[in-house]
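The structure file run.txt is reproduced below (compact mmCIF, C-alpha atoms).
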```txt
# COMPACT_ATOMS: atom_id res chain seq x y z
CA MET A 1 31.10 -49.70 12.72
CA THR A 2 30.30 -46.07 12.13
CA LEU A 3 29.70 -44.32 8.84
CA VAL A 4 33.23 -42.93 8.64
CA ASP A 5 34.64 -46.47 8.86
CA ILE A 6 32.50 -47.50 5.88
CA VAL A 7 33.79 -44.46 3.97
CA VAL A 8 37.40 -45.53 4.68
CA LEU A 9 36.56 -49.08 3.56
CA LEU A 10 35.06 -47.89 0.26
CA ILE A 11 38.08 -45.66 -0.41
CA GLY A 12 40.30 -48.68 0.23
CA VAL A 13 38.26 -50.73 -2.26
CA SER A 14 38.75 -48.08 -4.95
CA LEU A 15 42.48 -48.00 -4.14
CA ILE A 16 42.71 -51.77 -4.63
CA ALA A 17 40.87 -51.55 -7.97
CA ALA A 18 43.28 -48.85 -9.16
CA PHE A 19 46.18 -51.04 -8.07
CA ILE A 20 44.86 -53.93 -10.19
CA ARG A 21 44.83 -51.61 -13.21
CA PHE A 22 48.33 -50.48 -12.26
CA TYR A 23 49.48 -54.11 -12.20
CA LYS A 24 48.00 -55.27 -15.51
CA GLY A 25 47.81 -52.07 -17.56
CA PRO A 26 48.77 -52.84 -21.17
CA THR A 27 50.61 -49.61 -21.90
CA MET A 28 52.73 -47.32 -19.80
CA SER A 29 50.15 -44.53 -19.98
CA ASP A 30 47.67 -46.81 -18.22
CA ARG A 31 50.08 -47.22 -15.37
CA ALA A 32 50.72 -43.48 -15.17
CA MET A 33 46.96 -42.84 -15.14
CA ALA A 34 46.42 -45.39 -12.37
CA LEU A 35 49.22 -43.77 -10.37
CA ASP A 36 47.60 -40.35 -10.76
CA PHE A 37 44.23 -41.75 -9.63
CA MET A 38 45.87 -43.48 -6.67
CA SER A 39 47.52 -40.22 -5.57
CA VAL A 40 44.14 -38.40 -5.62
CA VAL A 41 42.50 -41.24 -3.67
CA VAL A 42 45.31 -41.29 -1.12
CA VAL A 43 44.92 -37.52 -0.62
CA SER A 44 41.22 -37.90 0.19
CA LEU A 45 41.97 -40.93 2.41
CA MET A 46 44.51 -38.84 4.32
CA VAL A 47 41.94 -36.08 4.89
CA VAL A 48 39.39 -38.60 6.22
CA LEU A 49 42.07 -40.13 8.48
CA SER A 50 42.92 -36.69 9.82
CA PHE A 51 39.26 -36.34 10.77
CA ILE A 52 39.23 -39.76 12.46
CA PHE A 53 42.45 -39.32 14.46
CA ASP A 54 41.77 -35.59 15.04
CA ARG A 55 45.23 -34.46 13.90
CA GLN A 56 45.48 -31.31 11.83
CA ILE A 57 49.03 -32.05 10.63
CA TYR A 58 47.74 -34.79 8.29
CA LEU A 59 46.06 -32.07 6.18
CA ASP A 60 49.45 -30.50 5.52
CA VAL A 61 50.82 -33.91 4.57
CA ALA A 62 47.89 -34.36 2.16
CA MET A 63 48.56 -30.97 0.56
CA VAL A 64 52.25 -31.74 -0.03
CA TYR A 65 51.37 -35.18 -1.37
CA ALA A 66 48.86 -33.67 -3.84
CA LEU A 67 51.54 -31.27 -5.10
CA ILE A 68 54.15 -34.02 -5.54
CA GLY A 69 51.69 -36.38 -7.24
CA PHE A 70 50.68 -33.72 -9.76
CA ILE A 71 54.30 -32.85 -10.57
CA GLY A 72 55.18 -36.54 -10.94
CA THR A 73 52.30 -37.12 -13.36
CA VAL A 74 53.25 -34.13 -15.49
CA ILE A 75 56.89 -35.25 -15.64
CA ILE A 76 55.86 -38.80 -16.63
CA GLY A 77 53.69 -37.29 -19.38
CA ARG A 78 56.54 -35.19 -20.72
CA TYR A 79 58.80 -38.24 -20.68
CA LEU A 80 56.27 -40.32 -22.65
CA GLU A 81 55.92 -37.52 -25.18
CA GLY A 82 59.67 -37.49 -25.69
CA GLY A 83 60.26 -33.89 -24.70
CA LEU A 84 62.25 -34.49 -21.55
CA MET B 1 21.02 -26.10 15.33
CA LEU B 2 23.69 -24.81 12.99
CA SER B 3 26.21 -27.45 14.05
CA THR B 4 23.62 -30.19 13.44
CA ILE B 5 23.03 -28.91 9.90
CA LEU B 6 26.80 -28.75 9.29
CA THR B 7 27.28 -32.30 10.58
CA TYR B 8 24.53 -33.79 8.41
CA THR B 9 25.81 -31.91 5.34
CA GLY B 10 29.29 -33.23 6.03
CA TYR B 11 28.15 -36.83 6.29
CA VAL B 12 26.08 -36.58 3.10
CA LEU B 13 29.07 -35.09 1.25
CA LEU B 14 31.34 -37.88 2.55
CA VAL B 15 28.95 -40.58 1.31
CA ILE B 16 28.56 -38.89 -2.11
CA GLY B 17 32.34 -38.51 -2.42
CA CYS B 18 33.22 -42.11 -1.62
CA PHE B 19 30.44 -43.30 -3.95
CA PHE B 20 31.97 -41.33 -6.81
CA LEU B 21 35.45 -42.63 -5.96
CA VAL B 22 34.21 -46.24 -6.14
CA VAL B 23 32.37 -45.59 -9.43
CA SER B 24 35.51 -44.03 -10.90
CA SER B 25 37.65 -47.01 -9.85
CA LEU B 26 35.09 -49.32 -11.50
CA GLY B 27 35.45 -47.24 -14.67
CA ILE B 28 39.22 -47.60 -14.47
CA LEU B 29 38.88 -51.38 -14.20
CA ARG B 30 36.18 -51.99 -16.79
CA MET B 31 36.54 -49.46 -19.62
CA PRO B 32 37.90 -50.88 -22.89
CA ASP B 33 40.38 -48.20 -23.86
CA LEU B 34 43.05 -45.91 -22.43
CA TYR B 35 41.15 -42.72 -23.26
CA ASN B 36 37.86 -43.99 -21.82
CA ARG B 37 39.71 -45.05 -18.70
CA LEU B 38 41.38 -41.63 -18.49
CA GLN B 39 38.04 -39.86 -18.66
CA ALA B 40 36.38 -42.15 -16.12
CA GLY B 41 39.34 -41.97 -13.81
CA THR B 42 39.65 -38.21 -13.87
CA LYS B 43 36.22 -36.61 -13.98
CA ALA B 44 34.56 -38.81 -11.40
CA SER B 45 37.60 -38.92 -9.16
CA THR B 46 37.83 -35.10 -9.16
CA LEU B 47 34.22 -34.85 -8.02
CA GLY B 48 34.67 -37.63 -5.47
CA ALA B 49 37.80 -36.19 -3.91
CA MET B 50 36.30 -32.70 -3.80
CA CYS B 51 33.12 -33.95 -2.11
CA THR B 52 35.09 -36.02 0.44
CA ILE B 53 37.44 -33.19 1.39
CA MET B 54 34.62 -30.63 1.64
CA GLY B 55 32.69 -33.12 3.76
CA VAL B 56 35.54 -33.24 6.26
CA GLY B 57 35.65 -29.43 6.11
CA PHE B 58 31.95 -29.29 7.04
CA LEU B 59 32.38 -31.86 9.82
CA HIS B 60 35.29 -29.99 11.39
CA PRO B 61 34.68 -26.27 10.80
CA GLU B 62 38.04 -25.12 12.20
CA TRP B 63 39.83 -26.85 9.32
CA TRP B 64 37.59 -25.32 6.69
CA VAL B 65 40.24 -23.08 5.10
CA LYS B 66 42.78 -25.87 4.58
CA CYS B 67 40.13 -28.20 3.17
CA PHE B 68 38.94 -25.48 0.80
CA LEU B 69 42.51 -24.85 -0.39
CA LEU B 70 43.02 -28.57 -1.01
CA THR B 71 39.74 -28.73 -2.94
CA LEU B 72 40.74 -25.77 -5.09
CA PHE B 73 44.14 -27.34 -5.77
CA ILE B 74 42.61 -30.67 -6.84
CA LEU B 75 40.05 -28.84 -9.01
CA MET B 76 42.83 -26.99 -10.82
CA THR B 77 45.45 -29.71 -11.19
CA ASN B 78 43.55 -32.94 -11.84
CA PRO B 79 42.10 -32.07 -15.31
CA LEU B 80 45.49 -30.64 -16.25
CA SER B 81 47.35 -33.87 -15.47
CA SER B 82 44.73 -35.89 -17.35
CA SER B 83 45.12 -33.62 -20.39
CA VAL B 84 48.91 -33.98 -20.27
CA LEU B 85 48.61 -37.78 -20.11
CA ALA B 86 46.11 -37.95 -22.99
CA ARG B 87 48.27 -35.75 -25.21
CA ALA B 88 51.42 -37.72 -24.40
CA SER B 89 49.81 -41.10 -25.05
CA LEU B 90 48.28 -39.89 -28.35
CA ARG B 91 51.68 -38.66 -29.47
CA SER B 92 53.45 -41.82 -28.35
CA GLY B 93 51.17 -43.91 -30.53
CA VAL B 94 48.38 -45.40 -28.37
CA LYS B 95 45.39 -45.99 -30.67
CA PRO B 96 41.82 -45.25 -29.51
CA TYR B 97 39.25 -48.05 -29.37
CA LYS B 98 37.30 -48.66 -32.65
CA LEU B 99 39.07 -45.82 -34.43
CA VAL B 100 37.70 -44.98 -37.90
CA VAL B 101 39.60 -41.91 -39.11
CA ASP B 102 42.93 -40.85 -37.65
CA GLU B 103 43.63 -37.28 -38.67
CA CYS B 104 46.26 -36.62 -36.05
CA GLU B 105 48.69 -39.27 -37.23
CA GLU B 106 49.84 -37.52 -40.40
CA TYR B 107 50.22 -34.23 -38.58
CA TYR B 108 52.35 -35.78 -35.86
CA ARG B 109 54.46 -37.61 -38.44
CA LYS B 110 55.13 -34.39 -40.33
CA GLU B 111 56.04 -32.64 -37.11
CA LYS B 112 58.46 -35.42 -36.24
CA GLU B 113 60.11 -35.21 -39.66
CA GLU B 114 60.63 -31.48 -39.31
CA ASN B 115 62.45 -31.87 -36.01
```

Show this structure as structure tokens.
Amino acid sequence: MTLVDIVVLLIGVSLIAAFIRFYKGPTMSDRAMALDFMSVVVVSLMVVLSFIFDRQIYLDVAMVYALIGFIGTVIIGRYLEGGL
Amino acid sequence: MLSTILTYTGYVLLVIGCFFLVVSSLGILRMPDLYNRLQAGTKASTLGAMCTIMGVGFLHPEWWVKCFLLTLFILMTNPLSSSVLARASLRSGVKPYKLVVDECEEYYRKEKEEN
């Protein structure tokens, strides 16, 4: 078990914790916040996986996923505010 | 010599980044309030993701430009999305924990009546 495997394991632990908050969040803003956090964590997980598997294309996937996660969070925020 | 320094810097940045990600997820689980959770889940996760991505950029120097662009993008967009969520949840009526004086409520009510 190398150090990079431990890093992937810790990122998975933080993803599971965010998913627990996503499951039992009292309000809808909690769930949107947990979704935003999960998208950031998945982006960093994708970058680490691109280092492990030595594929550069995963970085492009991570960039597109960061863009889509940000736009989704902003649209959810506008919807909660009532301006959409 | 230089590649050894780059490799050690990359591993140290990876460990710091995943530590901050775990701390931020603990904050998301344990904080008592939406706004506390928002702060814990955004500040620490921005630092953690930036450190992790720059660590990979140091470990693999050919990918440095893409990793730097991704870091810059996360640095610009993550506080913005947190600010949008906080504003939306304050306007949609989520009360902060142990609130004493709410000065925003009257203002928002007046604004709603005008529209």

Do a neighbour search on Gly82 of chain A at 9 Å with all atoms listed in the file, toss out local chain neighbours closer than 4 positions, and write the hits as a list in words. Gly77 and Arg78 of chain A; Ala88, Arg91 and Ser92 of chain B

Taking only C-alpha atoms into account, which residues of chain B are within 6 Å of chain A, as a ChimeraX atom specification? /B:22,25,49,81,84-85,88,92

Tell me, in Å to one decimal, how far atom CA of Lys95 of chain B is from atom CA of Ser82 of chain B. 16.7 Å

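Reported to one decimal place, the separation of atom CA of Ala44 of chain B from atom CA of Leu90 of chain B is 21.8 Å.
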
Would you compute the distance between atom CA of Val56 of chain B and atom CA of Lys43 of chain B? Give it in Å to one decimal.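 About the pair atom CA of Val56 of chain B and atom CA of Lys43 of chain B: they are 20.5 Å apart.
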
Once 8 Å is added on each side, what are the centre and the three edge lengths, in Å to one decimal, of the axis-aligned box enclosing the listed atoms of segment 7-15 of chain B? Present them as JSON.
```
{"center_x": 27.9, "center_y": -36.2, "center_z": 5.9, "size_x": 22.8, "size_y": 24.7, "size_z": 25.3}
```

List the residues sitting within 10 Å of (39.2, -35.6, -14.7) in the file's frame, using all atoms listed in the file, as a list in words. Phe37 of chain A; Ser24, Leu38, Gln39, Ala40, Gly41, Thr42, Lys43, Ala44, Ser45, Thr46, Leu47, Ile74, Leu75, Thr77, Asn78, Pro79, Leu80, Ser81, Ser82 and Ser83 of chain B
